[in-house]
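Shown next: entry07.cif, given as mmCIF, C-alpha atoms.
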```cif
data_start
loop_
_atom_site.group_PDB
_atom_site.id
_atom_site.type_symbol
_atom_site.label_atom_id
_atom_site.label_comp_id
_atom_site.auth_asym_id
_atom_site.auth_seq_id
_atom_site.Cartn_x
_atom_site.Cartn_y
_atom_site.Cartn_z
ATOM 1 C CA MET A 1 -13.276 -18.787 -27.899
ATOM 2 C CA GLY A 2 -14.583 -21.647 -25.767
ATOM 3 C CA ILE A 3 -12.163 -24.126 -27.317
ATOM 4 C CA VAL A 4 -9.047 -24.767 -25.264
ATOM 5 C CA MET A 5 -5.996 -24.861 -27.497
ATOM 6 C CA GLU A 6 -3.425 -27.479 -26.584
ATOM 7 C CA ARG A 7 0.222 -27.066 -27.410
ATOM 8 C CA ASN A 8 2.557 -29.929 -28.019
ATOM 9 C CA LEU A 9 5.383 -29.339 -25.607
ATOM 10 C CA SER A 10 8.900 -30.525 -26.285
ATOM 11 C CA ASP A 11 10.738 -32.518 -23.636
ATOM 12 C CA GLU A 12 12.783 -29.413 -22.831
ATOM 13 C CA GLU A 13 9.639 -27.309 -22.286
ATOM 14 C CA LYS A 14 8.134 -30.057 -20.105
ATOM 15 C CA TYR A 15 11.373 -30.174 -18.097
ATOM 16 C CA ILE A 16 11.362 -26.382 -17.628
ATOM 17 C CA GLN A 17 7.724 -26.449 -16.461
ATOM 18 C CA ALA A 18 8.410 -29.328 -14.058
ATOM 19 C CA LYS A 19 11.501 -27.576 -12.702
ATOM 20 C CA LYS A 20 9.518 -24.371 -12.143
ATOM 21 C CA LYS A 21 6.820 -26.316 -10.302
ATOM 22 C CA VAL A 22 9.443 -27.955 -8.053
ATOM 23 C CA GLU A 23 10.983 -24.524 -7.343
ATOM 24 C CA ASN A 24 7.520 -23.178 -6.419
ATOM 25 C CA ILE A 25 6.962 -26.097 -4.035
ATOM 26 C CA LYS A 26 10.408 -25.558 -2.457
ATOM 27 C CA GLY A 27 9.560 -21.872 -2.066
ATOM 28 C CA PHE A 28 6.327 -22.752 -0.298
ATOM 29 C CA TYR A 29 8.068 -25.123 2.115
ATOM 30 C CA GLY A 30 10.708 -22.456 2.818
ATOM 31 C CA ASN A 31 7.938 -19.974 3.576
ATOM 32 C CA LEU A 32 6.171 -22.516 5.803
ATOM 33 C CA LEU A 33 9.370 -23.317 7.709
ATOM 34 C CA ALA A 34 10.134 -19.603 8.237
ATOM 35 C CA TYR A 35 6.529 -19.087 9.401
ATOM 36 C CA ILE A 36 6.826 -21.849 11.991
ATOM 37 C CA LEU A 37 10.281 -20.850 13.289
ATOM 38 C CA VAL A 38 9.696 -17.091 13.432
ATOM 39 C CA ASN A 39 6.293 -17.449 15.044
ATOM 40 C CA ALA A 40 7.648 -19.913 17.624
ATOM 41 C CA ILE A 41 10.253 -17.276 18.559
ATOM 42 C CA LEU A 42 7.604 -14.537 18.645
ATOM 43 C CA ILE A 43 5.381 -16.646 20.909
ATOM 44 C CA PHE A 44 8.302 -17.269 23.253
ATOM 45 C CA ILE A 45 9.240 -13.557 23.332
ATOM 46 C CA ASN A 46 5.620 -12.539 23.907
ATOM 47 C CA LEU A 47 5.021 -15.032 26.729
ATOM 48 C CA TYR A 48 8.375 -14.216 28.358
ATOM 49 C CA THR A 49 8.143 -10.408 28.202
ATOM 50 C CA SER A 50 4.439 -9.582 28.386
ATOM 51 C CA PRO A 51 2.214 -12.610 29.004
ATOM 52 C CA GLN A 52 -0.660 -10.328 30.014
ATOM 53 C CA TYR A 53 -0.994 -9.104 26.395
ATOM 54 C CA LEU A 54 -0.885 -11.793 23.709
ATOM 55 C CA TRP A 55 0.221 -9.863 20.629
ATOM 56 C CA PHE A 56 1.860 -12.882 18.914
ATOM 57 C CA PHE A 57 -1.590 -13.816 17.645
ATOM 58 C CA TRP A 58 -1.590 -11.033 15.005
ATOM 59 C CA PRO A 59 1.535 -11.968 13.016
ATOM 60 C CA LEU A 60 0.578 -15.634 13.424
ATOM 61 C CA LEU A 61 -2.841 -14.949 11.922
ATOM 62 C CA TRP A 62 -1.954 -12.629 9.030
ATOM 63 C CA TRP A 63 1.212 -14.394 7.955
ATOM 64 C CA GLY A 64 -0.755 -17.640 8.241
ATOM 65 C CA VAL A 65 -3.340 -16.330 5.787
ATOM 66 C CA GLY A 66 -0.518 -15.586 3.351
ATOM 67 C CA VAL A 67 0.964 -19.069 3.810
ATOM 68 C CA VAL A 68 -2.434 -20.672 3.159
ATOM 69 C CA PHE A 69 -2.939 -18.718 -0.078
ATOM 70 C CA HIS A 70 0.628 -19.491 -1.146
ATOM 71 C CA GLY A 71 -0.058 -23.205 -0.606
ATOM 72 C CA LEU A 72 -3.373 -23.052 -2.479
ATOM 73 C CA LYS A 73 -1.617 -21.512 -5.470
ATOM 74 C CA VAL A 74 1.433 -23.797 -5.453
ATOM 75 C CA PHE A 75 -0.582 -27.002 -5.102
ATOM 76 C CA GLU A 76 -3.243 -25.769 -7.544
ATOM 77 C CA VAL A 77 -6.174 -26.371 -5.209
ATOM 78 C CA PHE A 78 -8.280 -24.127 -7.425
ATOM 79 C CA PRO A 79 -7.203 -25.368 -10.877
ATOM 80 C CA GLY A 80 -9.390 -22.816 -12.656
ATOM 81 C CA MET A 81 -6.812 -20.197 -11.725
ATOM 82 C CA GLY A 82 -3.731 -22.222 -12.689
ATOM 83 C CA LYS A 83 -1.330 -22.063 -15.626
ATOM 84 C CA GLU A 84 -3.997 -22.808 -18.223
ATOM 85 C CA TRP A 85 -6.095 -19.910 -16.952
ATOM 86 C CA GLU A 86 -3.048 -17.604 -17.054
ATOM 87 C CA GLU A 87 -2.267 -18.602 -20.640
ATOM 88 C CA ARG A 88 -5.902 -18.098 -21.724
ATOM 89 C CA LYS A 89 -5.963 -14.637 -20.111
ATOM 90 C CA ILE A 90 -2.677 -13.649 -21.750
ATOM 91 C CA LYS A 91 -3.993 -14.731 -25.160
ATOM 92 C CA GLU A 92 -7.260 -12.891 -24.492
ATOM 93 C CA PHE A 93 -5.464 -9.645 -23.608
ATOM 94 C CA MET A 94 -3.149 -9.976 -26.610
ATOM 95 C CA GLU A 95 -6.151 -10.479 -28.902
ATOM 96 C CA LYS A 96 -7.942 -7.433 -27.434
ATOM 97 C CA GLU A 97 -4.807 -5.331 -27.920
ATOM 98 C CA LYS A 98 -4.533 -6.516 -31.509
ATOM 99 C CA GLN A 99 -8.190 -5.621 -32.149
ATOM 100 C CA ASN A 100 -7.716 -2.175 -30.590
ATOM 101 C CA LYS A 101 -4.706 -1.481 -32.817
ATOM 102 C CA ASN A 102 -6.620 -2.582 -35.914
ATOM 103 C CA LYS A 103 -9.589 -0.421 -34.935
ATOM 104 C CA TRP A 104 -7.535 2.789 -35.185
ATOM 105 C CA LYS A 105 -5.779 2.031 -38.502
#
```
Encoding of this model in structure tokens:
Amino acid sequence: MGIVMERNLSDEEKYIQAKKKVENIKGFYGNLLAYILVNAILIFINLYTSPQYLWFFWPLLWWGVGVVFHGLKVFEVFPGMGKEWEERKIKEFMEKEKQNKNKWK
């Protein structure tokens, strides 16, 4: 089980994977842009209406955590949890399911 199986990908499969990666990166930048714009508006509203209580910090913080994790996933900062890991896990679960079915025959 420790051997990593490599697949030979066709040009079409490589193109589809590359396109999906580009779409994921675009999605991240869209999320980042929305985060910046919406939070800038929230900061303005907060400081204009109730500067004595700074509530803008909470959406800035929690949405920011989400943006950071989104970026870590998209840019594969932790490669152990990337596509290869997903494919290995899928194969592992499929093999366990196959063994369970065979056990009850």
Original post:
For Val22 (chain A), which of A:Tyr48, A:Phe75, A:Phe57, A:Trp62 is the closest residue, counting all atoms listed in the file?
Top reply: A:Phe75
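Minimum atom-to-atom distance to Leu32 (chain A), evaluated using all atoms listed in the file, belongs to A:Val67 out of A:Val67, A:Lys103, A:Val77, A:Arg88.
Pairwise distance (CA of Lys21 (chain A), CA of Leu33 (chain A)) equals 18.4 Å.
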**OP:** Would you mind listing what lies within 7 Å of Asn24 (chain A) as an NGL selection string, with all atoms listed in the file counted and same-chain residues fewer than 4 positions away left out?
**Re:** :A and (20 or 28 or 74)
Subject >> Selection result of the PyMOL selection byres ((chain A and resi 59) around 12) on this file, as a VMD selection string >> reply: chain A and resid 35 to 36 38 to 43 46 54 to 58 60 to 67
Need the axis-aligned box for region 51-61 of chain A with 8 Å each side, so what are the centre and edges in Å to one decimal, as AutoDock Vina command-line options?
```
--center_x -0.3 --center_y -12.4 --center_z 21.0 --size_x 21.1 --size_y 22.5 --size_z 34.1
```
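Shortest separation to Phe69 (chain A) among A:Glu84, A:Asn31, A:Asn102, A:Glu23 occurs at residue A:Asn31, atoms counted being only C-alpha atoms.
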Save N, CA and C atoms of region 61-92 of chain A from the block above as a PDB file, in the first residue's frame.
```
ATOM      1  N   LEU A  61     -12.132  39.056  11.348  1.00  0.00           N
ATOM      2  CA  LEU A  61     -11.354  37.939  11.875  1.00  0.00           C
ATOM      3  C   LEU A  61     -11.823  36.599  11.324  1.00  0.00           C
ATOM      4  N   TRP A  62     -13.119  36.289  11.469  1.00  0.00           N
ATOM      5  CA  TRP A  62     -13.594  34.950  11.115  1.00  0.00           C
ATOM      6  C   TRP A  62     -13.622  34.715   9.615  1.00  0.00           C
ATOM      7  N   TRP A  63     -14.010  35.714   8.853  1.00  0.00           N
ATOM      8  CA  TRP A  63     -13.968  35.564   7.403  1.00  0.00           C
ATOM      9  C   TRP A  63     -12.510  35.464   6.961  1.00  0.00           C
ATOM     10  N   GLY A  64     -11.634  36.200   7.639  1.00  0.00           N
ATOM     11  CA  GLY A  64     -10.206  36.141   7.337  1.00  0.00           C
ATOM     12  C   GLY A  64      -9.631  34.753   7.537  1.00  0.00           C
ATOM     13  N   VAL A  65     -10.059  34.076   8.592  1.00  0.00           N
ATOM     14  CA  VAL A  65      -9.617  32.698   8.825  1.00  0.00           C
ATOM     15  C   VAL A  65     -10.032  31.819   7.646  1.00  0.00           C
ATOM     16  N   GLY A  66     -11.256  31.996   7.188  1.00  0.00           N
ATOM     17  CA  GLY A  66     -11.744  31.228   6.037  1.00  0.00           C
ATOM     18  C   GLY A  66     -10.940  31.520   4.778  1.00  0.00           C
ATOM     19  N   VAL A  67     -10.608  32.794   4.552  1.00  0.00           N
ATOM     20  CA  VAL A  67      -9.823  33.173   3.378  1.00  0.00           C
ATOM     21  C   VAL A  67      -8.431  32.542   3.445  1.00  0.00           C
ATOM     22  N   VAL A  68      -7.829  32.542   4.631  1.00  0.00           N
ATOM     23  CA  VAL A  68      -6.500  31.945   4.789  1.00  0.00           C
ATOM     24  C   VAL A  68      -6.539  30.451   4.454  1.00  0.00           C
ATOM     25  N   PHE A  69      -7.517  29.727   5.007  1.00  0.00           N
ATOM     26  CA  PHE A  69      -7.609  28.297   4.719  1.00  0.00           C
ATOM     27  C   PHE A  69      -7.910  28.027   3.249  1.00  0.00           C
ATOM     28  N   HIS A  70      -8.733  28.880   2.641  1.00  0.00           N
ATOM     29  CA  HIS A  70      -9.021  28.753   1.217  1.00  0.00           C
ATOM     30  C   HIS A  70      -7.720  28.893   0.423  1.00  0.00           C
ATOM     31  N   GLY A  71      -6.924  29.905   0.762  1.00  0.00           N
ATOM     32  CA  GLY A  71      -5.646  30.120   0.079  1.00  0.00           C
ATOM     33  C   GLY A  71      -4.676  28.968   0.282  1.00  0.00           C
ATOM     34  N   LEU A  72      -4.613  28.434   1.501  1.00  0.00           N
ATOM     35  CA  LEU A  72      -3.724  27.302   1.777  1.00  0.00           C
ATOM     36  C   LEU A  72      -4.097  26.101   0.920  1.00  0.00           C
ATOM     37  N   LYS A  73      -5.391  25.879   0.739  1.00  0.00           N
ATOM     38  CA  LYS A  73      -5.839  24.745  -0.064  1.00  0.00           C
ATOM     39  C   LYS A  73      -5.562  24.977  -1.547  1.00  0.00           C
ATOM     40  N   VAL A  74      -5.930  26.158  -2.039  1.00  0.00           N
ATOM     41  CA  VAL A  74      -5.783  26.454  -3.471  1.00  0.00           C
ATOM     42  C   VAL A  74      -4.318  26.423  -3.906  1.00  0.00           C
ATOM     43  N   PHE A  75      -3.441  26.993  -3.081  1.00  0.00           N
ATOM     44  CA  PHE A  75      -2.029  27.061  -3.452  1.00  0.00           C
ATOM     45  C   PHE A  75      -1.223  25.890  -2.915  1.00  0.00           C
ATOM     46  N   GLU A  76      -1.930  24.890  -2.390  1.00  0.00           N
ATOM     47  CA  GLU A  76      -1.334  23.626  -1.941  1.00  0.00           C
ATOM     48  C   GLU A  76      -0.121  23.837  -1.045  1.00  0.00           C
ATOM     49  N   VAL A  77      -0.323  24.655   0.000  1.00  0.00           N
ATOM     50  CA  VAL A  77       0.747  24.926   0.954  1.00  0.00           C
ATOM     51  C   VAL A  77       1.089  23.663   1.740  1.00  0.00           C
ATOM     52  N   PHE A  78       0.074  22.852   2.010  1.00  0.00           N
ATOM     53  CA  PHE A  78       0.288  21.575   2.667  1.00  0.00           C
ATOM     54  C   PHE A  78       0.045  20.483   1.632  1.00  0.00           C
ATOM     55  N   PRO A  79       1.061  20.135   0.838  1.00  0.00           N
ATOM     56  CA  PRO A  79       0.844  19.213  -0.288  1.00  0.00           C
ATOM     57  C   PRO A  79       0.398  17.817   0.140  1.00  0.00           C
ATOM     58  N   GLY A  80       0.607  17.443   1.372  1.00  0.00           N
ATOM     59  CA  GLY A  80       0.160  16.133   1.835  1.00  0.00           C
ATOM     60  C   GLY A  80      -1.340  15.975   1.782  1.00  0.00           C
ATOM     61  N   MET A  81      -2.059  17.072   1.700  1.00  0.00           N
ATOM     62  CA  MET A  81      -3.519  17.035   1.671  1.00  0.00           C
ATOM     63  C   MET A  81      -4.049  17.465   0.306  1.00  0.00           C
ATOM     64  N   GLY A  82      -3.237  17.365  -0.729  1.00  0.00           N
ATOM     65  CA  GLY A  82      -3.638  17.798  -2.060  1.00  0.00           C
ATOM     66  C   GLY A  82      -4.357  16.715  -2.833  1.00  0.00           C
ATOM     67  N   LYS A  83      -4.316  16.838  -4.161  1.00  0.00           N
ATOM     68  CA  LYS A  83      -5.019  15.916  -5.055  1.00  0.00           C
ATOM     69  C   LYS A  83      -4.553  14.479  -4.883  1.00  0.00           C
ATOM     70  N   GLU A  84      -3.234  14.299  -4.747  1.00  0.00           N
ATOM     71  CA  GLU A  84      -2.713  12.932  -4.612  1.00  0.00           C
ATOM     72  C   GLU A  84      -3.285  12.269  -3.364  1.00  0.00           C
ATOM     73  N   TRP A  85      -3.342  13.036  -2.273  1.00  0.00           N
ATOM     74  CA  TRP A  85      -3.891  12.508  -1.028  1.00  0.00           C
ATOM     75  C   TRP A  85      -5.354  12.139  -1.216  1.00  0.00           C
ATOM     76  N   GLU A  86      -6.123  13.009  -1.901  1.00  0.00           N
ATOM     77  CA  GLU A  86      -7.537  12.735  -2.156  1.00  0.00           C
ATOM     78  C   GLU A  86      -7.702  11.440  -2.947  1.00  0.00           C
ATOM     79  N   GLU A  87      -6.891  11.285  -3.996  1.00  0.00           N
ATOM     80  CA  GLU A  87      -6.997  10.083  -4.827  1.00  0.00           C
ATOM     81  C   GLU A  87      -6.634   8.831  -4.035  1.00  0.00           C
ATOM     82  N   ARG A  88      -5.586   8.910  -3.197  1.00  0.00           N
ATOM     83  CA  ARG A  88      -5.213   7.759  -2.365  1.00  0.00           C
ATOM     84  C   ARG A  88      -6.334   7.396  -1.411  1.00  0.00           C
ATOM     85  N   LYS A  89      -6.964   8.396  -0.791  1.00  0.00           N
ATOM     86  CA  LYS A  89      -8.061   8.146   0.150  1.00  0.00           C
ATOM     87  C   LYS A  89      -9.260   7.529  -0.562  1.00  0.00           C
ATOM     88  N   ILE A  90      -9.580   8.022  -1.735  1.00  0.00           N
ATOM     89  CA  ILE A  90     -10.699   7.471  -2.504  1.00  0.00           C
ATOM     90  C   ILE A  90     -10.441   6.003  -2.813  1.00  0.00           C
ATOM     91  N   LYS A  91      -9.225   5.700  -3.289  1.00  0.00           N
ATOM     92  CA  LYS A  91      -8.870   4.307  -3.590  1.00  0.00           C
ATOM     93  C   LYS A  91      -8.926   3.447  -2.329  1.00  0.00           C
ATOM     94  N   GLU A  92      -8.456   4.006  -1.219  1.00  0.00           N
ATOM     95  CA  GLU A  92      -8.476   3.273   0.054  1.00  0.00           C
ATOM     96  C   GLU A  92      -9.911   2.940   0.471  1.00  0.00           C
TER      97      GLU A  92
END
```
